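Have a look at the structure below before the remarks.
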Amino acid sequence: MTARTLLLVDDDPAILRGLKWSFEDWEVHTASDRESALRQVKAHRPAVVTLDLGLPPAPDDAVEGLRTLAEILAAAPDTKVIVVTGNEERAHAVRAIALGAYDFYQKPIDGQVLGLIVDRAFNVWQLEAENRRLQQAREPSFQGIVTGDDGMLALCRTVEKVAPTDISVLLLGESGTGKELFARALHDLGPRRRAPFVAINCAAIPENLLESELFGHERGAFTGAVRQVKGKIETAQKGTLFLDEIGDMPMSLQVKLLRFIQERVIERVGGREPIPVDVRIVCATHQDLEARIRDGAFREDLFYRIGEMALNIPPLRDRGDDCVLLARHLIDKFSADHGRRRLQLSPDALGALRRHPWMGNVRELENRIKRAVILAGGQGITAADMGLAAPAGGDAPEPSATLQQARDEAERKALSSALALSAGNLSAAAKILGVSRPTIYSLLKQHNVNTPS
Ligand SMILES: Nc1ncnc2c1ncn2[C@@H]1O[C@H](COP(=O)(O)OP(=O)(O)OP(=O)(O)O)[C@@H](O)[C@H]1O
């Protein structure tokens with residue numbers, strides 16, 4: 001877990017002592033003036049700083065405090081600074097926020113409430129730190145394949161080794177996992193890279209047209225064949241032929257394909273000339289080919305010919321945080337396409353990305369991010385922008401709530417649990433919460449909470 005490091009800046013030693021008690025599970029450092037505050041920031045890089053704006057030599061105005069704030073943020077821009085002001089000093093607080101303070105809190109200090117604000121600031125700091133970590137961890141993409149997952153990285157290394165050879169590769173994986181991307185990588189990294197890469201989707205073309213698509217036809221071969229047409233196999237001469245969805249190829253064509261693979265010559269439909277063709281064959285399917293063989297729908301001899309090496313591409317849901325890595329990559333890409341500034345993922349979007357099962361894999365993610373980049377408001381991309389349900393509960397702060405709403409909610413929860421613990425005894429509840437009895441009464445009224453009778 002990340003160290004929860006907190007710096008308390010106040011010129012009153014009694015306040016510092018009191019506050020230290022409230023943050024027992026934190027690594028706490030203290031400072032009483034600008035110079036020592038800055039020294040501590042540089043030495044410990046605290047996640048959160050609470051800063052009393054009234055610092056010496058002029059504790060009665062906010063000049064030194066605001067200067068300290070500016071210098072802290074210049075030295076450690078990621079730090080969340082919560083400024084603490086006197087009751088009548090709202091204008092100072094507003095100045096501080098304008099300078100980049102995360103939040104403000106008005107005296108008198110109530111350790112419990114300040115604790116909630118500090119916790120929340122830490123959550124935001126942690127989330128931003130994680131964002132930065134992911135950003136830095138982003139691998140320079142391998143042939144356009146973005147991943148940080150060990151299994152996928154191992155697959156990329158295998159592709160690098162196999163690409164220079166001519167062995168036939170069978171790419172297995174669910175729809176949208178990137179099979180075509182891997183097929184292109186095999187081509188681009190191999191000696192055939194300057195010759196064509198020709199892809200054909202065997203499932204998308206009706207059976208009666210597929211043969212002439214693959215092998216071509218001579219003029220007059222059938223009604224409508226008004227001129228000679230080269231097939232995909234022939235156009236891939238010297239290059240790579242990518243047969244996508246090979247599992248859906250009809251049996252009649254499987255025989256013809258097998259013959260071509262064995263003899264490396266084709267005959268156009270309606271032609272008699274054998275034409276030698278030199279291509280590398282890469283196939284892909286989302287089907288379970290061994291089950292298709294058992295069902296008599298796929299030829300076993302063809303299976304062994306096309307799959308001298310089979311590579312399994314894992315579904316996106318099994319690739320750890322790749323969904324987040326890819327989402328960021330796609331946001332950058334689509335933001336640039338739409339001339340938008342680079343958008344960030346909100347905390348609820350991160351949670352939703354990690355929970356979603358991604359049955360449509362990277363293609364589904366692409367579609368959702370594309371839509372989100374168009375829909376997102378100024379706040380960054382939310383789960384709703386991606387058409388995903390926001391995770392219920394969780395640790396992440398709810399971004400749709402304002403700070404005031406979040407505080408109210410936290411206060412109401414703390415109040416209810418103190419009342420439950422004290423069995424409705426208001427003095428005991430006040431003690432638990434570290435506030436006075438009158439404060440408890442005003443909290444009960446404010447939150448419309450009834451004491452248990
Ligand atoms: N790891 C990845 N990094 C970046 N983009 C990816 C990645 N995987 C897939 N894509 C993109 O997702 C989309 C779908 O990938 P691709 O077409 O290669 O999948 P496929 O498995 O061949 O799908 P299908 O089986 O439906 O044909 C493409 O736009 C591709 O560029």
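Starting from 1 in every chain, residues are counted up; chains themselves are A, B, ... following the order of the structure tokens, and ligands are numbered from 1 as listed.
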Item to complete: Return as a PyMOL selection string the residues of protein, DNA or RNA that approach ligand 1 to within 10 Å, with only C-alpha atoms and all ligand atoms taken into account.
Response: chain A and resi 141-149+152-153+171-184+201+203+244-245+284-287+313+315-316+319+322-323+325-327+329-330+360-367
Distance query segment 7-11 of chain A at most 6 Å, only C-alpha atoms, self and fewer than 4 positions along chain excluded, as a PDB file with N, CA and C atoms, in the first residue's frame:
ATOM      1  N   VAL A  28       3.098  11.172   9.834  1.00  0.00           N
ATOM      2  CA  VAL A  28       2.858  12.616   9.969  1.00  0.00           C
ATOM      3  C   VAL A  28       4.166  13.387  10.154  1.00  0.00           C
ATOM      4  N   HIS A  29       4.306  14.490   9.433  1.00  0.00           N
ATOM      5  CA  HIS A  29       5.413  15.423   9.642  1.00  0.00           C
ATOM      6  C   HIS A  29       4.791  16.771   9.956  1.00  0.00           C
ATOM      7  N   THR A  30       5.528  17.614  10.648  1.00  0.00           N
ATOM      8  CA  THR A  30       4.965  18.916  11.008  1.00  0.00           C
ATOM      9  C   THR A  30       5.949  20.025  10.648  1.00  0.00           C
ATOM     10  N   ALA A  31       5.383  21.224  10.483  1.00  0.00           N
ATOM     11  CA  ALA A  31       6.221  22.406  10.235  1.00  0.00           C
ATOM     12  C   ALA A  31       5.477  23.609  10.781  1.00  0.00           C
ATOM     13  N   SER A  32       6.236  24.642  11.179  1.00  0.00           N
ATOM     14  CA  SER A  32       5.569  25.794  11.793  1.00  0.00           C
ATOM     15  C   SER A  32       5.778  27.085  11.015  1.00  0.00           C
ATOM     16  N   VAL A  49      -1.115  17.932   2.464  1.00  0.00           N
ATOM     17  CA  VAL A  49      -0.599  18.949   3.395  1.00  0.00           C
ATOM     18  C   VAL A  49      -1.801  19.715   3.936  1.00  0.00           C
ATOM     19  N   THR A  50      -1.855  19.903   5.257  1.00  0.00           N
ATOM     20  CA  THR A  50      -2.829  20.868   5.780  1.00  0.00           C
ATOM     21  C   THR A  50      -2.023  22.107   6.127  1.00  0.00           C
ATOM     22  N   LEU A  51      -2.480  23.254   5.666  1.00  0.00           N
ATOM     23  CA  LEU A  51      -1.679  24.475   5.772  1.00  0.00           C
ATOM     24  C   LEU A  51      -2.501  25.597   6.387  1.00  0.00           C
ATOM     25  N   ASP A  52      -2.085  26.016   7.576  1.00  0.00           N
ATOM     26  CA  ASP A  52      -2.724  27.177   8.201  1.00  0.00           C
ATOM     27  C   ASP A  52      -2.229  28.414   7.469  1.00  0.00           C
TER      28      ASP A  52
END
Worksheet entry | Selection near segment 297-310 of chain A, 8 Å with only C-alpha atoms, sequence-local residues under 4 positions removed, as a ChimeraX atom specification | /A:167-172,247,251,254,258,261,281-283,289,292-293
Pull C-alpha atoms from the residues just selected and write them as a PDB file, in the first residue's frame.
ATOM      1  CA  ILE A 167       5.755 -21.492 -41.083  1.00  0.00           C
ATOM      2  CA  SER A 168       1.982 -21.298 -41.158  1.00  0.00           C
ATOM      3  CA  VAL A 169       0.472 -19.573 -38.124  1.00  0.00           C
ATOM      4  CA  LEU A 170      -3.023 -20.108 -36.778  1.00  0.00           C
ATOM      5  CA  LEU A 171      -4.267 -17.277 -34.558  1.00  0.00           C
ATOM      6  CA  LEU A 172      -6.941 -18.359 -32.101  1.00  0.00           C
ATOM      7  CA  GLY A 247     -13.293 -22.122 -39.258  1.00  0.00           C
ATOM      8  CA  MET A 251     -15.974 -28.078 -46.806  1.00  0.00           C
ATOM      9  CA  GLN A 254     -11.344 -26.604 -47.693  1.00  0.00           C
ATOM     10  CA  LEU A 258      -5.574 -27.855 -48.967  1.00  0.00           C
ATOM     11  CA  ILE A 261      -1.195 -25.372 -49.771  1.00  0.00           C
ATOM     12  CA  ILE A 281      -0.326 -18.312 -45.006  1.00  0.00           C
ATOM     13  CA  VAL A 282      -1.676 -16.940 -41.748  1.00  0.00           C
ATOM     14  CA  CYS A 283      -5.140 -18.015 -40.586  1.00  0.00           C
ATOM     15  CA  LEU A 289     -11.442 -26.043 -34.619  1.00  0.00           C
ATOM     16  CA  ARG A 292     -15.417 -28.583 -35.641  1.00  0.00           C
ATOM     17  CA  ILE A 293     -13.203 -31.505 -36.705  1.00  0.00           C
TER      18      ILE A 293
END
Practice prompt. Find the residue from A:Asp166, A:Ser442, A:Ala414, A:Glu64 that sits nearest to Ala429 of chain A; use only C-alpha atoms when measuring.
Written response: A:Ala414
Worksheet item: What lies within 12 Å of Phe260 of chain A using only C-alpha atoms, ignoring chain neighbours under 4 positions off, as a count of residues only?
Response: 23
Item to complete: Considering only C-alpha atoms, return as a PyMOL selection string whatever protein or nucleic-acid residues lie within 9 Å of segment 98-110 of chain A, sequence-local ones (same chain, fewer than 2 positions apart) excluded.
Response: chain A and resi 15+19+50+66+69-70+73+77+79-90+93-96+112-115+117+121+403+434-435
Dump of C-alpha atoms for the selected residues, as a CSV table (one decimal), in the first residue's frame:
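Resulting contents of out01.csv:
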chain,number,residue,atom,x,y,z
A,15,ILE,CA,-2.8,22.5,17.4
A,19,LEU,CA,-3.9,17.0,15.1
A,50,THR,CA,-2.8,20.9,5.8
A,66,LEU,CA,-0.5,31.9,0.4
A,69,LEU,CA,1.0,27.4,-0.7
A,70,ALA,CA,2.5,28.6,-4.0
A,73,LEU,CA,2.7,23.5,-5.3
A,77,PRO,CA,2.5,19.9,-8.0
A,79,THR,CA,0.5,17.3,-3.5
A,80,LYS,CA,-3.0,18.0,-2.2
A,81,VAL,CA,-3.0,21.1,0.0
A,82,ILE,CA,-5.9,21.8,2.3
A,83,VAL,CA,-5.7,25.3,3.6
A,84,VAL,CA,-7.0,26.0,7.1
A,85,THR,CA,-8.4,29.5,7.6
A,86,GLY,CA,-10.1,31.5,10.4
A,87,ASN,CA,-13.8,31.8,10.4
A,88,GLU,CA,-14.0,35.2,8.8
A,89,GLU,CA,-11.4,34.5,6.1
A,90,ARG,CA,-13.4,33.1,3.2
A,93,ALA,CA,-9.8,30.5,1.1
A,94,VAL,CA,-11.0,31.4,-2.3
A,95,ARG,CA,-7.6,32.9,-3.2
A,96,ALA,CA,-6.0,29.7,-2.1
A,112,GLN,CA,-12.9,14.1,12.8
A,113,VAL,CA,-14.1,16.3,9.9
A,114,LEU,CA,-10.6,17.4,8.9
A,115,GLY,CA,-9.8,13.6,8.9
A,117,ILE,CA,-11.3,15.8,4.1
A,121,ALA,CA,-7.7,14.2,-0.7
A,403,LEU,CA,-17.4,18.1,-2.3
A,434,GLY,CA,-15.0,14.6,19.3
A,435,VAL,CA,-17.5,17.4,19.2
Practice prompt. Apply DSSP to the structure's backbone, then extract all residues of segment 10-245 of chain A labelled strand (DSSP E) and return them as a ChimeraX atom specification.
Written response: /A:27-31,48-52,80-85,103-106,169-172,197-201,216-217,229-230,240-244
Discussion item. To test your reading of the structure, identify every residue in segment 272-420 of chain A that backbone DSSP assigns to alpha helix (DSSP H), and report it as a ChimeraX atom specification.
Written reply: /A:289-294,300-306,322-337,347-355,361-375,403-420
Fill in: Gap from atom CA of Gly65 of chain A to atom CA of Ser36 of chain A - Å, one decimal
12.6 Å
